[in-house]
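Some notes on the structure that comes next.
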Amino acid sequence: MVAGEKIKVWDIAVRLFHWSLVVLFTVGYLSGEDESMLHIYSGYGVIALLVFRILWGFVGTKYARFSDFAYGPKAAIEYAKSMLSGNPIHYIGHNPLGGWMVFALLLSLAATTWSGLEAYGAEGHGPLAGKESTLIKSAYAHGDERENGNNKENGNGEHEEDEFWKETHEALSNLTLLLVFLHIAGVAVASFLHRENLARSMVTGYKKGE
Ligand code: HEM
Ligand code: HEM
């Protein structure tokens with residue numbers, strides 16, 4: 001390859017996935033407090049994007065595949081060291097730390113939306129309504145007879161399962177937000193060290209070659 005040549009890295013599906021996720025995550029996070037239908041639909045939208053991205057991680061184009069950026073700790077440490085030296089190793093697709101962050105973000109988003117579905121289900125809505133949660137079932141396995149399934153009143157007029165899932169959902173959405181901030185900081189640092197605008201690459205699809 002000729003030095004300085006541009007190479008197509010992010011296919012149109014990855015780019016549409018990314019920027020739709022940015023919009024839906026932002027809407028979802030900001031609409032959580034009032035629990036409107038906007039919140040529920042943006043959450044479903046995030047679920048659809050995750051399902052797509054997981055499939056695309058197996059059958060998508062070269063740099064979109066999980067196998068392209070599933071690096072072990074050795075590669076990650078080496079990359080981190082090269083970053084500290086100010087002359088980071090150049091990767092065409094995700095670098096090892098970026099790859100780890102992608103997996104962390106996808107996992108955290110999956111956990112956030114799952115707990116959201118459980119919280120919504122505990123209120124009697126959505127696909128998990130009326131289904132006993134296996135997690136709660138094991139947590140309360142040693143308890144006595146339950147009235148009202150797992151969702152019994154705790155004496156303050158609140159329902160245990162409701163509260164459990166709401167608090168879990170809130171904590172997980174904040175964890176995801178924290179990862180997003182680290183992700184954006186990582187993109188900024190890598191863009192600076194590699195002298196390449198990586199956010200723009202996520203728009204155009206092109207990155208520098210070797
Ligand atoms: C990435 C996607 C999502 C994000 C970032 C998110 C974020 C949030 C946030 C920040 C809250 C407010 C928590 C609080 O302060 O009490 C919330 C509440 C809630 N979310 Fe989500 N959520 C997402 C997906 C979902 C999904 C898919 C569902 C279900 C279909 C859902 C159902 C709910 C419900 C029922 C509440 C109300 C809990 C309460 O009353 O405190 N969320 N969400
Ligand atoms: C405006 C803020 C954001 C910018 C500038 C940005 C930028 C980027 C860039 C440049 C990449 C490619 C990284 C690389 O070159 O290796 C990327 C990947 C990714 N970002 Fe963001 N991002 C932003 C917000 C978010 C948010 C809010 C989320 C999730 C809620 C997110 C999730 C992801 C994921 C999952 C990938 C992996 C893409 C893939 O391979 O499918 N990003 N982002």
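Residue names in the structure tokens use chain letters A, B, ... in the order shown, residue numbers from 1 in each chain, and ligand numbers from 1 in the order shown.
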Next item on the list: Counting only C-alpha atoms and all ligand atoms, name the residues that have an atom within 8 Å of an atom of ligand 2; the answer should be given as an MDAnalysis selection string.
Entry: chainID A and resid 10 14:15 17:19 21:23 25:26 53 57 63:65 93:95 98:99 101:103 105:106 109 176:177 180 183:184 187:188 197:202
Dump C-alpha atoms for the selected residues as a PDB file, in the first residue's frame?
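So part-v8.pdb came out as:
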ATOM      1  CA  TRP A  10     -16.104   1.265   8.675  1.00  0.00           C
ATOM      2  CA  VAL A  14     -21.341   0.179  11.299  1.00  0.00           C
ATOM      3  CA  ARG A  15     -21.534   3.956  10.768  1.00  0.00           C
ATOM      4  CA  PHE A  17     -25.311   1.764  13.820  1.00  0.00           C
ATOM      5  CA  HIS A  18     -22.898   4.045  15.643  1.00  0.00           C
ATOM      6  CA  TRP A  19     -24.615   7.375  15.090  1.00  0.00           C
ATOM      7  CA  LEU A  21     -26.827   4.500  18.901  1.00  0.00           C
ATOM      8  CA  VAL A  22     -25.460   7.903  19.941  1.00  0.00           C
ATOM      9  CA  VAL A  23     -28.880   9.496  19.292  1.00  0.00           C
ATOM     10  CA  PHE A  25     -28.698   6.349  23.929  1.00  0.00           C
ATOM     11  CA  THR A  26     -28.812  10.114  24.534  1.00  0.00           C
ATOM     12  CA  ARG A  53     -24.436  -5.277  15.819  1.00  0.00           C
ATOM     13  CA  GLY A  57     -19.895  -8.922  14.492  1.00  0.00           C
ATOM     14  CA  TYR A  63     -13.127  -4.632  10.367  1.00  0.00           C
ATOM     15  CA  ALA A  64     -16.652  -4.987  11.756  1.00  0.00           C
ATOM     16  CA  ARG A  65     -16.088  -8.589  12.854  1.00  0.00           C
ATOM     17  CA  GLY A  93      -9.453  -1.342  12.562  1.00  0.00           C
ATOM     18  CA  HIS A  94     -10.002  -0.920  16.324  1.00  0.00           C
ATOM     19  CA  ASN A  95      -6.793  -0.863  18.349  1.00  0.00           C
ATOM     20  CA  GLY A  98     -10.563   0.355  21.539  1.00  0.00           C
ATOM     21  CA  GLY A  99     -11.623  -3.252  20.936  1.00  0.00           C
ATOM     22  CA  MET A 101     -14.014  -0.726  24.999  1.00  0.00           C
ATOM     23  CA  VAL A 102     -16.359  -1.841  22.197  1.00  0.00           C
ATOM     24  CA  PHE A 103     -17.023  -5.140  24.022  1.00  0.00           C
ATOM     25  CA  LEU A 105     -19.944  -0.850  25.775  1.00  0.00           C
ATOM     26  CA  LEU A 106     -21.972  -3.590  24.065  1.00  0.00           C
ATOM     27  CA  LEU A 109     -25.737  -1.607  26.943  1.00  0.00           C
ATOM     28  CA  THR A 176     -22.821   2.787  30.600  1.00  0.00           C
ATOM     29  CA  LEU A 177     -22.645   6.580  30.705  1.00  0.00           C
ATOM     30  CA  VAL A 180     -19.257   6.388  27.115  1.00  0.00           C
ATOM     31  CA  HIS A 183     -14.836   5.941  25.183  1.00  0.00           C
ATOM     32  CA  ILE A 184     -15.000   9.556  23.994  1.00  0.00           C
ATOM     33  CA  VAL A 187     -11.137   8.459  20.923  1.00  0.00           C
ATOM     34  CA  ALA A 188      -9.806  11.968  21.620  1.00  0.00           C
ATOM     35  CA  ASN A 197      -9.580  12.533  13.336  1.00  0.00           C
ATOM     36  CA  LEU A 198     -11.157   9.209  14.325  1.00  0.00           C
ATOM     37  CA  ALA A 199     -14.623  10.682  14.868  1.00  0.00           C
ATOM     38  CA  ARG A 200     -14.580  11.842  11.248  1.00  0.00           C
ATOM     39  CA  SER A 201     -13.584   8.299  10.181  1.00  0.00           C
ATOM     40  CA  MET A 202     -16.751   7.069  11.879  1.00  0.00           C
TER      41      MET A 202
END
May I ask you to write as a PDB file with N, CA and C atoms, in the first residue's frame all residues lying at most 6 Å from ligand 1, with only C-alpha atoms and all ligand atoms counted?
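Dumped everything to selection02.pdb:
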ATOM      1  N   PHE A  25     -29.200   6.428  22.552  1.00  0.00           N
ATOM      2  CA  PHE A  25     -28.698   6.349  23.929  1.00  0.00           C
ATOM      3  C   PHE A  25     -28.927   7.687  24.637  1.00  0.00           C
ATOM      4  N   GLY A  28     -32.585   8.066  25.311  1.00  0.00           N
ATOM      5  CA  GLY A  28     -32.941   7.099  26.367  1.00  0.00           C
ATOM      6  C   GLY A  28     -32.472   7.574  27.729  1.00  0.00           C
ATOM      7  N   TYR A  29     -31.238   8.047  27.777  1.00  0.00           N
ATOM      8  CA  TYR A  29     -30.714   8.464  29.081  1.00  0.00           C
ATOM      9  C   TYR A  29     -31.493   9.663  29.618  1.00  0.00           C
ATOM     10  N   GLY A  32     -35.236   8.907  30.782  1.00  0.00           N
ATOM     11  CA  GLY A  32     -35.441   7.848  31.792  1.00  0.00           C
ATOM     12  C   GLY A  32     -36.232   8.310  32.997  1.00  0.00           C
ATOM     13  N   GLU A  33     -35.914   9.499  33.463  1.00  0.00           N
ATOM     14  CA  GLU A  33     -36.506  10.011  34.696  1.00  0.00           C
ATOM     15  C   GLU A  33     -38.035  10.055  34.632  1.00  0.00           C
ATOM     16  N   GLU A  35     -39.949   8.383  32.458  1.00  0.00           N
ATOM     17  CA  GLU A  35     -40.489   7.102  32.018  1.00  0.00           C
ATOM     18  C   GLU A  35     -41.627   7.242  31.007  1.00  0.00           C
ATOM     19  N   ILE A  40     -39.323   4.278  26.464  1.00  0.00           N
ATOM     20  CA  ILE A  40     -39.499   2.861  26.134  1.00  0.00           C
ATOM     21  C   ILE A  40     -39.099   2.611  24.667  1.00  0.00           C
ATOM     22  N   GLY A  43     -35.425   2.879  24.085  1.00  0.00           N
ATOM     23  CA  GLY A  43     -34.797   1.668  24.645  1.00  0.00           C
ATOM     24  C   GLY A  43     -34.949   0.477  23.706  1.00  0.00           C
ATOM     25  N   TYR A  44     -36.150   0.310  23.141  1.00  0.00           N
ATOM     26  CA  TYR A  44     -36.349  -0.778  22.168  1.00  0.00           C
ATOM     27  C   TYR A  44     -35.445  -0.575  20.958  1.00  0.00           C
ATOM     28  N   VAL A  46     -32.512   0.830  20.958  1.00  0.00           N
ATOM     29  CA  VAL A  46     -31.154   0.409  21.336  1.00  0.00           C
ATOM     30  C   VAL A  46     -31.053  -1.122  21.276  1.00  0.00           C
ATOM     31  N   LEU A 109     -24.461  -2.004  27.563  1.00  0.00           N
ATOM     32  CA  LEU A 109     -25.737  -1.607  26.943  1.00  0.00           C
ATOM     33  C   LEU A 109     -26.736  -2.761  27.013  1.00  0.00           C
ATOM     34  N   THR A 112     -27.987  -2.922  30.535  1.00  0.00           N
ATOM     35  CA  THR A 112     -28.865  -1.776  30.810  1.00  0.00           C
ATOM     36  C   THR A 112     -30.261  -2.010  30.222  1.00  0.00           C
ATOM     37  N   THR A 113     -30.302  -2.450  28.958  1.00  0.00           N
ATOM     38  CA  THR A 113     -31.616  -2.618  28.323  1.00  0.00           C
ATOM     39  C   THR A 113     -32.352  -3.820  28.920  1.00  0.00           C
ATOM     40  N   GLY A 116     -33.825  -2.726  32.042  1.00  0.00           N
ATOM     41  CA  GLY A 116     -34.947  -1.836  31.711  1.00  0.00           C
ATOM     42  C   GLY A 116     -36.190  -2.657  31.394  1.00  0.00           C
ATOM     43  N   LEU A 117     -36.007  -3.724  30.601  1.00  0.00           N
ATOM     44  CA  LEU A 117     -37.141  -4.601  30.268  1.00  0.00           C
ATOM     45  C   LEU A 117     -37.706  -5.243  31.527  1.00  0.00           C
ATOM     46  N   ALA A 119     -37.521  -3.988  34.630  1.00  0.00           N
ATOM     47  CA  ALA A 119     -38.204  -2.952  35.423  1.00  0.00           C
ATOM     48  C   ALA A 119     -39.592  -2.676  34.837  1.00  0.00           C
ATOM     49  N   TYR A 120     -39.652  -2.649  33.512  1.00  0.00           N
ATOM     50  CA  TYR A 120     -40.926  -2.395  32.816  1.00  0.00           C
ATOM     51  C   TYR A 120     -41.858  -3.590  33.030  1.00  0.00           C
ATOM     52  N   LYS A 166     -35.569  -1.301  39.178  1.00  0.00           N
ATOM     53  CA  LYS A 166     -35.397   0.136  38.913  1.00  0.00           C
ATOM     54  C   LYS A 166     -34.005   0.586  39.334  1.00  0.00           C
ATOM     55  N   GLU A 170     -31.041   1.809  36.895  1.00  0.00           N
ATOM     56  CA  GLU A 170     -30.447   3.141  37.043  1.00  0.00           C
ATOM     57  C   GLU A 170     -28.919   3.024  37.172  1.00  0.00           C
ATOM     58  N   SER A 173     -27.398   2.061  33.828  1.00  0.00           N
ATOM     59  CA  SER A 173     -27.362   3.128  32.818  1.00  0.00           C
ATOM     60  C   SER A 173     -26.270   4.135  33.165  1.00  0.00           C
TER      61      SER A 173
END
When you draw a straight line from atom CA of A:Leu172 to atom CA of A:His159, how long is it in Å?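 Rounded to one decimal, the two atoms are 19.9 Å apart.
You will find atom CA of A:Val9 at 25.0 Å from atom CA of A:Ala110.
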Q) Just asking: which residues within stretch 34-85 of chain A are alpha helix (DSSP H) according to DSSP, as a PyMOL selection string? A) chain A and resi 37-59+73-84
Mind giving me the straight-line distance from atom CA of A:Glu5 to atom CA of A:Ser191 in Å, one decimal?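 That distance, rounded to one decimal, is 17.4 Å.
With only C-alpha atoms as the basis for measurement, A:Val27 is the residue among A:Val27, A:Ala104, A:Met83, A:Leu178 that approaches A:Tyr41 most closely.
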